[in-house]
Amino acid sequence: MTTVAPWRRLLAEFVGTALLVTAVVGSGIMATELSPNDVGLQLLQNSTATAFALGALILTFGPVSGAHFNPVVSAADWWLGRRHGTGLTGRDLAGYAVAQTLGAIAGSVLANLMFDLAAVTTSTKIRSGAHLWLGEVVATTGLLLLIFALVRSGRAAVAPAAVGAYIGAAYWFTSSTSFANPAVTVGRAFTDTFAGIAPASVPAYVGAQLVGLVVGVGLIAALYPNAGADAHAVVVPHDTAEQAHNRA
């Protein structure tokens with residue numbers, strides 16, 4: 001009987017989240033260099049690169065850790081799966097959240113260095129306002145609904161394309177440009193570039209994302225009452241130590 005060691009799953013979440021933020025920040029820097037006078041084109045370039053990178057990263061790291069890359073997704077996985085003995089344990093959740101957050105910070109540092117900037121350039125871009133926070137609630141809720149709907153309906157195989165497409169689209173249909181991820185939000189405070197967010201704006205964004213978590217979990221429970229039974233397949237199917245123990 002084989003299973004993925006916890007340290008390998010944490011490493012996958014760290015590296016995957018780091019590369020995701022590198023893609024977000026790096027493509028934003030490149031966009032401003034290539035299209036300095038067209039913000040709409042910059043956003044198109046940034047969102048397209050992010051969508052493709054996210055899909056590729058889910059394919060790469062999904063078999064190891066499920067490719068959550070997002071504490072909100074991990075928290076929903078733990079909460080919905082706890083009664084069924086599937087998905088993450090409380091200890092897994094804590095480890096995933098730490099690995100994801102550290103990975104996000106590392107991703108911003110890497111992007112800064114690749115574009116010959118100081119390793120850490122604290123963002124000065126203020127993102128504040130009730131309309132932006134509402135955008136984060138919508139973006140986060142929609143992301144969770146999509147992931148758990150795919151898993152519950154047996155279509156997790158299309159998650160890389162679907163999740164990438166959703167985030168790419170949400171860049172455009174949400175006022176906040178769809179951070180939808182507390183770890184990524186923290187990481188993007190470490191770069192004073194197109195994708196950055198001022199540290200003072202981070203707590204409210206994270207708070208809105210947590211509201212989206214509560215709303216999303218509530219809707220999932222109402223629409224898919226047995227979604228927790230498939231928590232081991234979030235975002236894509238993967239083996240966990242808990243599953244191996246249950247099967248033993």
# chains A, B, ... in the order shown; residues from 1 in each chain; ligands from 1

$ select_by_dssp --residues "segment 70-199 of chain A" --states "helix (DSSP H, G or I)" --output "MDAnalysis selection string"
chainID A and resid 71:81 90:114 130:152 156:173 182:190 199

$ closest_atom_pairs --of "segment 15-132 of chain A" --to "segment 214-231 of chain A" --cutoff "6 Å" --atoms "only C-alpha atoms" --output "Markdown table"
| residue | atom | partner | partner_atom | distance |
| --- | --- | --- | --- | --- |
| A:Asp77 | CA | A:Ala231 | CA | 5.6 |
| A:Leu80 | CA | A:Gly228 | CA | 4.5 |
| A:Gly81 | CA | A:Gly228 | CA | 4.1 |
| A:His84 | CA | A:Ala229 | CA | 5.6 |
| A:Thr86 | CA | A:Ala231 | CA | 5.5 |
| A:Gly87 | CA | A:Ala231 | CA | 4.5 |

$ closest_atom_pairs --of "segment 16-92 of chain A" --to "segment 143-158 of chain A" --cutoff "10 Å" --atoms "only C-alpha atoms" --output "tab-separated table"
residue	atom	partner	partner_atom	distance
A:Gly55	CA	A:Val158	CA	9.6
A:Leu59	CA	A:Ala157	CA	9.3
A:Val72	CA	A:Leu144	CA	8.3
A:Val73	CA	A:Leu144	CA	6.7
A:Ala76	CA	A:Leu144	CA	7.8
A:Asp77	CA	A:Phe148	CA	8.9
A:Leu80	CA	A:Phe148	CA	9.9

$ write_last_selection --atoms "N, CA and C atoms" --output "mmCIF file, in the first residue's frame"
data_model
loop_
_atom_site.group_PDB
_atom_site.id
_atom_site.type_symbol
_atom_site.label_atom_id
_atom_site.label_comp_id
_atom_site.auth_asym_id
_atom_site.auth_seq_id
_atom_site.Cartn_x
_atom_site.Cartn_y
_atom_site.Cartn_z
ATOM 1 N N GLY A 55 -3.686 26.140 -14.543
ATOM 2 C CA GLY A 55 -4.056 24.828 -15.073
ATOM 3 C C GLY A 55 -2.869 23.886 -15.132
ATOM 4 N N LEU A 59 -2.121 20.303 -12.878
ATOM 5 C CA LEU A 59 -1.731 19.042 -13.499
ATOM 6 C C LEU A 59 -0.427 18.519 -12.918
ATOM 7 N N VAL A 72 -8.218 28.729 1.637
ATOM 8 C CA VAL A 72 -9.677 28.662 1.623
ATOM 9 C C VAL A 72 -10.148 27.310 1.074
ATOM 10 N N VAL A 73 -9.518 26.856 0.011
ATOM 11 C CA VAL A 73 -9.863 25.554 -0.559
ATOM 12 C C VAL A 73 -9.535 24.450 0.448
ATOM 13 N N ALA A 76 -12.140 24.468 3.290
ATOM 14 C CA ALA A 76 -13.411 23.873 2.858
ATOM 15 C C ALA A 76 -13.289 22.359 2.762
ATOM 16 N N ASP A 77 -12.153 21.895 2.274
ATOM 17 C CA ASP A 77 -11.901 20.463 2.163
ATOM 18 C C ASP A 77 -11.931 19.801 3.542
ATOM 19 N N LEU A 80 -15.752 20.113 5.138
ATOM 20 C CA LEU A 80 -16.762 19.262 4.514
ATOM 21 C C LEU A 80 -16.416 17.774 4.631
#

$ residues_around --residues "Leu20 of chain A" --least-positions-apart "3" --cutoff "8 Å" --atoms "only C-alpha atoms" --output "PyMOL selection string"
chain A and resi 16-17+23-24+50+53-54+57+104+107

$ write_last_selection --atoms "all heavy atoms" --output "compact mmCIF listing (two decimals), in the first residue's frame"
# COMPACT_ATOMS: atom_id res chain seq x y z
N GLY A 16 4.07 24.69 -5.62
CA GLY A 16 2.97 25.04 -6.52
C GLY A 16 2.46 26.45 -6.29
O GLY A 16 2.23 27.21 -7.25
N THR A 17 2.28 26.83 -5.02
CA THR A 17 1.81 28.19 -4.72
C THR A 17 2.86 29.21 -5.10
O THR A 17 2.54 30.29 -5.61
CB THR A 17 1.45 28.32 -3.24
OG1 THR A 17 0.58 27.25 -2.85
CG2 THR A 17 0.75 29.65 -2.97
N ALA A 23 3.94 33.38 -11.48
CA ALA A 23 3.24 33.62 -12.75
C ALA A 23 2.40 34.88 -12.69
O ALA A 23 2.38 35.68 -13.64
CB ALA A 23 2.37 32.41 -13.08
N VAL A 24 1.68 35.07 -11.57
CA VAL A 24 0.83 36.26 -11.43
C VAL A 24 1.67 37.53 -11.44
O VAL A 24 1.40 38.47 -12.19
CB VAL A 24 0.02 36.17 -10.12
CG1 VAL A 24 -0.73 37.48 -9.87
CG2 VAL A 24 -0.96 35.01 -10.17
N THR A 50 -1.92 33.86 -16.04
CA THR A 50 -2.31 33.24 -14.77
C THR A 50 -3.20 32.03 -15.00
O THR A 50 -3.01 30.98 -14.36
CB THR A 50 -3.04 34.27 -13.88
OG1 THR A 50 -2.16 35.36 -13.61
CG2 THR A 50 -3.47 33.63 -12.57
N ALA A 53 -1.10 29.16 -16.42
CA ALA A 53 -0.16 28.66 -15.42
C ALA A 53 -0.88 27.86 -14.35
O ALA A 53 -0.40 26.79 -13.93
CB ALA A 53 0.60 29.83 -14.78
N LEU A 54 -2.03 28.33 -13.90
CA LEU A 54 -2.77 27.62 -12.86
C LEU A 54 -3.18 26.24 -13.33
O LEU A 54 -3.03 25.25 -12.60
CB LEU A 54 -3.99 28.43 -12.44
CG LEU A 54 -4.90 27.82 -11.36
CD1 LEU A 54 -4.09 27.47 -10.11
CD2 LEU A 54 -6.03 28.78 -11.02
N LEU A 57 -0.10 24.02 -13.34
CA LEU A 57 0.37 23.69 -12.00
C LEU A 57 -0.53 22.67 -11.32
O LEU A 57 -0.05 21.80 -10.57
CB LEU A 57 0.47 24.96 -11.16
CG LEU A 57 1.58 25.93 -11.59
CD1 LEU A 57 1.43 27.27 -10.87
CD2 LEU A 57 2.95 25.33 -11.33
N ALA A 104 3.72 31.53 -1.37
CA ALA A 104 3.27 32.75 -2.05
C ALA A 104 4.28 33.88 -1.88
O ALA A 104 4.57 34.62 -2.84
CB ALA A 104 1.90 33.16 -1.51
N GLY A 107 7.17 33.18 -4.04
CA GLY A 107 6.86 33.43 -5.45
C GLY A 107 7.03 34.89 -5.83
O GLY A 107 7.54 35.21 -6.92

$ residues_around --residues "Ile197 of chain A" --least-positions-apart "6" --cutoff "10 Å" --atoms "only C-alpha atoms" --output "list in words"
Thr122, Ser123, Thr124, Lys125, Ile126, Arg127, Ser128, Thr185, Val186, Gly187, Arg188, Ala189, Phe190, Thr191 and Tyr205 of chain A

$ write_last_selection --atoms "all heavy atoms" --output "compact mmCIF listing (two decimals), in the first residue's frame"
# COMPACT_ATOMS: atom_id res chain seq x y z
N THR A 122 7.90 46.20 -1.03
CA THR A 122 6.57 46.26 -0.42
C THR A 122 5.61 47.08 -1.27
O THR A 122 5.91 48.22 -1.65
CB THR A 122 6.66 46.88 0.99
OG1 THR A 122 7.61 46.14 1.76
CG2 THR A 122 5.31 46.84 1.68
N SER A 123 4.47 46.50 -1.56
CA SER A 123 3.52 47.15 -2.46
C SER A 123 2.95 48.43 -1.86
O SER A 123 2.69 48.52 -0.66
CB SER A 123 2.37 46.19 -2.79
OG SER A 123 1.44 46.82 -3.64
N THR A 124 2.73 49.41 -2.73
CA THR A 124 2.08 50.66 -2.33
C THR A 124 0.70 50.79 -2.98
O THR A 124 0.08 51.85 -2.89
CB THR A 124 2.95 51.86 -2.73
OG1 THR A 124 3.18 51.82 -4.15
CG2 THR A 124 4.28 51.85 -2.01
N LYS A 125 0.23 49.72 -3.62
CA LYS A 125 -1.04 49.78 -4.34
C LYS A 125 -2.19 49.52 -3.37
O LYS A 125 -2.43 48.40 -2.94
CB LYS A 125 -1.06 48.76 -5.48
CG LYS A 125 -2.32 48.81 -6.33
CD LYS A 125 -2.21 47.92 -7.55
CE LYS A 125 -1.20 48.47 -8.55
NZ LYS A 125 -1.21 47.69 -9.81
N ILE A 126 -2.92 50.58 -3.04
CA ILE A 126 -4.07 50.46 -2.13
C ILE A 126 -5.24 49.84 -2.89
O ILE A 126 -5.62 50.29 -3.97
CB ILE A 126 -4.48 51.83 -1.57
CG1 ILE A 126 -3.32 52.45 -0.78
CG2 ILE A 126 -5.72 51.70 -0.71
CD1 ILE A 126 -2.95 51.68 0.47
N ARG A 127 -5.79 48.79 -2.31
CA ARG A 127 -6.99 48.15 -2.86
C ARG A 127 -8.00 48.09 -1.72
O ARG A 127 -7.97 47.18 -0.90
CB ARG A 127 -6.68 46.74 -3.39
CG ARG A 127 -5.62 46.70 -4.51
CD ARG A 127 -5.37 45.26 -4.92
NE ARG A 127 -4.26 45.10 -5.85
CZ ARG A 127 -4.38 44.98 -7.18
NH1 ARG A 127 -5.58 45.00 -7.73
NH2 ARG A 127 -3.32 44.82 -7.94
N SER A 128 -8.87 49.07 -1.66
CA SER A 128 -9.78 49.17 -0.53
C SER A 128 -11.14 49.68 -0.98
O SER A 128 -11.23 50.50 -1.89
CB SER A 128 -9.19 50.11 0.54
OG SER A 128 -10.03 50.18 1.67
N THR A 185 -2.85 36.55 -1.55
CA THR A 185 -3.02 37.95 -1.17
C THR A 185 -1.84 38.42 -0.32
O THR A 185 -1.28 39.50 -0.56
CB THR A 185 -4.34 38.12 -0.38
OG1 THR A 185 -5.43 37.66 -1.19
CG2 THR A 185 -4.57 39.58 -0.03
N VAL A 186 -1.45 37.62 0.66
CA VAL A 186 -0.30 37.97 1.49
C VAL A 186 0.96 38.04 0.63
O VAL A 186 1.75 39.00 0.74
CB VAL A 186 -0.12 36.94 2.62
CG1 VAL A 186 1.21 37.17 3.35
CG2 VAL A 186 -1.28 37.01 3.60
N GLY A 187 1.16 37.06 -0.23
CA GLY A 187 2.36 37.04 -1.07
C GLY A 187 2.48 38.26 -1.96
O GLY A 187 3.57 38.80 -2.16
N ARG A 188 1.36 38.71 -2.50
CA ARG A 188 1.39 39.85 -3.43
C ARG A 188 1.66 41.18 -2.76
O ARG A 188 1.89 42.19 -3.42
CB ARG A 188 0.08 39.88 -4.23
CG ARG A 188 0.02 38.77 -5.26
CD ARG A 188 -1.35 38.57 -5.88
NE ARG A 188 -1.81 39.72 -6.65
CZ ARG A 188 -2.86 39.68 -7.47
NH1 ARG A 188 -3.56 38.55 -7.61
NH2 ARG A 188 -3.22 40.76 -8.14
N ALA A 189 1.67 41.20 -1.41
CA ALA A 189 2.06 42.41 -0.69
C ALA A 189 3.56 42.63 -0.74
O ALA A 189 4.04 43.72 -0.39
CB ALA A 189 1.59 42.33 0.76
N PHE A 190 4.30 41.61 -1.19
CA PHE A 190 5.77 41.68 -1.18
C PHE A 190 6.34 42.12 -2.53
O PHE A 190 7.53 41.95 -2.78
CB PHE A 190 6.35 40.32 -0.79
CG PHE A 190 6.17 40.00 0.68
CD1 PHE A 190 4.94 39.59 1.17
CD2 PHE A 190 7.22 40.13 1.56
CE1 PHE A 190 4.77 39.30 2.52
CE2 PHE A 190 7.06 39.85 2.91
CZ PHE A 190 5.82 39.44 3.39
N THR A 191 5.50 42.69 -3.38
CA THR A 191 5.99 43.19 -4.67
C THR A 191 5.28 44.49 -5.03
O THR A 191 4.04 44.53 -5.06
CB THR A 191 5.80 42.15 -5.78
OG1 THR A 191 6.29 42.66 -7.02
CG2 THR A 191 4.33 41.74 -5.94
N TYR A 205 -9.11 42.18 2.53
CA TYR A 205 -9.24 41.21 1.43
C TYR A 205 -9.34 39.79 1.98
O TYR A 205 -10.19 38.99 1.54
CB TYR A 205 -8.03 41.32 0.49
CG TYR A 205 -8.31 42.10 -0.77
CD1 TYR A 205 -8.76 43.41 -0.72
CD2 TYR A 205 -8.11 41.54 -2.02
CE1 TYR A 205 -9.01 44.14 -1.87
CE2 TYR A 205 -8.35 42.25 -3.19
CZ TYR A 205 -8.80 43.55 -3.10
OH TYR A 205 -9.06 44.26 -4.25

$ closest_residue --among "A:Pro36, A:Gly142, A:Gly212, A:Pro160" --to "Ile58 of chain A" --atoms "only C-alpha atoms"
A:Pro160

$ residues_around --residues "Thr121 of chain A" --least-positions-apart "4" --cutoff "12 Å" --atoms "only C-alpha atoms" --output "number ranges by chain"
A: 25, 105, 108-113, 116-117, 125, 187-199

$ write_last_selection --atoms "N, CA, C and O atoms" --output "short mmCIF file (atom, residue, chain, number, x, y, z; two decimals), in the first residue's frame"
data_model
loop_
_atom_site.label_atom_id
_atom_site.label_comp_id
_atom_site.auth_asym_id
_atom_site.auth_seq_id
_atom_site.Cartn_x
_atom_site.Cartn_y
_atom_site.Cartn_z
N VAL A 25 2.70 37.56 -10.62
CA VAL A 25 3.52 38.76 -10.49
C VAL A 25 4.39 38.97 -11.72
O VAL A 25 4.48 40.08 -12.26
N ILE A 105 4.81 34.02 -0.68
CA ILE A 105 5.83 35.05 -0.45
C ILE A 105 7.07 34.75 -1.29
O ILE A 105 7.63 35.65 -1.94
N SER A 108 6.60 35.80 -4.95
CA SER A 108 6.80 37.22 -5.23
C SER A 108 8.27 37.59 -5.25
O SER A 108 8.74 38.34 -6.11
N VAL A 109 9.02 37.03 -4.30
CA VAL A 109 10.46 37.29 -4.25
C VAL A 109 11.13 36.80 -5.54
O VAL A 109 11.95 37.50 -6.15
N LEU A 110 10.76 35.60 -5.98
CA LEU A 110 11.35 35.04 -7.20
C LEU A 110 11.03 35.90 -8.41
O LEU A 110 11.90 36.18 -9.25
N ALA A 111 9.78 36.34 -8.52
CA ALA A 111 9.40 37.19 -9.66
C ALA A 111 10.16 38.51 -9.63
O ALA A 111 10.65 38.99 -10.67
N ASN A 112 10.27 39.11 -8.46
CA ASN A 112 11.04 40.35 -8.34
C ASN A 112 12.46 40.16 -8.83
O ASN A 112 13.00 40.98 -9.60
N LEU A 113 13.09 39.08 -8.39
CA LEU A 113 14.49 38.83 -8.76
C LEU A 113 14.63 38.57 -10.26
O LEU A 113 15.60 39.01 -10.88
N ASP A 116 14.89 41.73 -12.17
CA ASP A 116 15.96 42.62 -11.72
C ASP A 116 15.47 43.70 -10.77
O ASP A 116 15.92 44.84 -10.82
N LEU A 117 14.53 43.33 -9.91
CA LEU A 117 14.07 44.23 -8.86
C LEU A 117 14.64 43.75 -7.53
O LEU A 117 15.18 42.65 -7.43
N LYS A 125 0.23 49.72 -3.62
CA LYS A 125 -1.04 49.78 -4.34
C LYS A 125 -2.19 49.52 -3.37
O LYS A 125 -2.43 48.40 -2.94
N GLY A 187 1.16 37.06 -0.23
CA GLY A 187 2.36 37.04 -1.07
C GLY A 187 2.48 38.26 -1.96
O GLY A 187 3.57 38.80 -2.16
N ARG A 188 1.36 38.71 -2.50
CA ARG A 188 1.39 39.85 -3.43
C ARG A 188 1.66 41.18 -2.76
O ARG A 188 1.89 42.19 -3.42
N ALA A 189 1.67 41.20 -1.41
CA ALA A 189 2.06 42.41 -0.69
C ALA A 189 3.56 42.63 -0.74
O ALA A 189 4.04 43.72 -0.39
N PHE A 190 4.30 41.61 -1.19
CA PHE A 190 5.77 41.68 -1.18
C PHE A 190 6.34 42.12 -2.53
O PHE A 190 7.53 41.95 -2.78
N THR A 191 5.50 42.69 -3.38
CA THR A 191 5.99 43.19 -4.67
C THR A 191 5.28 44.49 -5.03
O THR A 191 4.04 44.53 -5.06
N ASP A 192 6.03 45.53 -5.28
CA ASP A 192 5.44 46.82 -5.64
C ASP A 192 5.35 46.92 -7.16
O ASP A 192 6.00 47.75 -7.79
N THR A 193 4.54 46.02 -7.72
CA THR A 193 4.39 45.95 -9.17
C THR A 193 2.90 45.87 -9.52
O THR A 193 2.04 46.05 -8.66
N PHE A 194 2.60 45.59 -10.77
CA PHE A 194 1.22 45.58 -11.27
C PHE A 194 0.29 44.73 -10.42
O PHE A 194 -0.85 45.10 -10.16
N ALA A 195 0.76 43.56 -9.95
CA ALA A 195 -0.09 42.63 -9.22
C ALA A 195 -0.07 42.84 -7.71
O ALA A 195 -0.71 42.10 -6.97
N GLY A 196 0.63 43.86 -7.24
CA GLY A 196 0.81 44.04 -5.80
C GLY A 196 -0.44 44.52 -5.09
O GLY A 196 -1.41 45.00 -5.70
N ILE A 197 -0.42 44.39 -3.78
CA ILE A 197 -1.47 44.92 -2.91
C ILE A 197 -0.79 45.45 -1.66
O ILE A 197 0.05 44.77 -1.07
N ALA A 198 -1.14 46.66 -1.27
CA ALA A 198 -0.52 47.27 -0.09
C ALA A 198 -0.82 46.44 1.16
O ALA A 198 -1.94 45.94 1.32
N PRO A 199 0.15 46.27 2.04
CA PRO A 199 -0.09 45.49 3.27
C PRO A 199 -1.32 45.95 4.04
O PRO A 199 -2.04 45.12 4.63
#

$ atom_distance --atom1 "atom CA of Val137 of chain A" --atom2 "atom CA of Ala204 of chain A"
11.0 Å

$ closest_residue --among "A:Ala18, A:Phe115, A:Gly85, A:Ala12" --to "Met30 of chain A" --atoms "only C-alpha atoms"
A:Phe115

$ closest_residue --among "A:Ala51, A:Ala118, A:Leu213, A:Asn181" --to "Ala75 of chain A" --atoms "only C-alpha atoms"
A:Leu213

$ residues_around --residues "Gln209 of chain A" --least-positions-apart "2" --cutoff "6 Å" --atoms "only C-alpha atoms" --output "ChimeraX atom specification"
/A:136-137,140,180,206-207,211-212

$ write_last_selection --atoms "N, CA and C atoms" --output "tab-separated table (two decimals), in the first residue's frame"
chain	number	residue	atom	x	y	z
A	136	GLU	N	-14.33	40.04	-3.84
A	136	GLU	CA	-13.60	38.91	-3.29
A	136	GLU	C	-14.54	37.83	-2.74
A	137	VAL	N	-15.65	38.25	-2.13
A	137	VAL	CA	-16.64	37.27	-1.66
A	137	VAL	C	-17.18	36.47	-2.84
A	140	THR	N	-14.39	34.12	-4.40
A	140	THR	CA	-14.06	32.98	-3.55
A	140	THR	C	-15.20	31.98	-3.51
A	180	ALA	N	-9.08	35.87	-4.42
A	180	ALA	CA	-9.77	34.63	-4.00
A	180	ALA	C	-8.87	33.64	-3.26
A	206	VAL	N	-8.48	39.47	2.92
A	206	VAL	CA	-8.51	38.13	3.51
A	206	VAL	C	-9.84	37.92	4.25
A	207	GLY	N	-10.29	38.93	4.95
A	207	GLY	CA	-11.58	38.83	5.63
A	207	GLY	C	-12.71	38.55	4.65
A	211	VAL	N	-15.25	35.29	4.34
A	211	VAL	CA	-16.71	35.36	4.17
A	211	VAL	C	-17.12	34.50	2.99
A	212	GLY	N	-16.37	34.59	1.90
A	212	GLY	CA	-16.64	33.75	0.73
A	212	GLY	C	-16.54	32.28	1.06

$ closest_residue --among "A:Phe173, A:Phe61, A:Trp7, A:Phe69" --to "Leu132 of chain A" --atoms "only C-alpha atoms"
A:Phe173
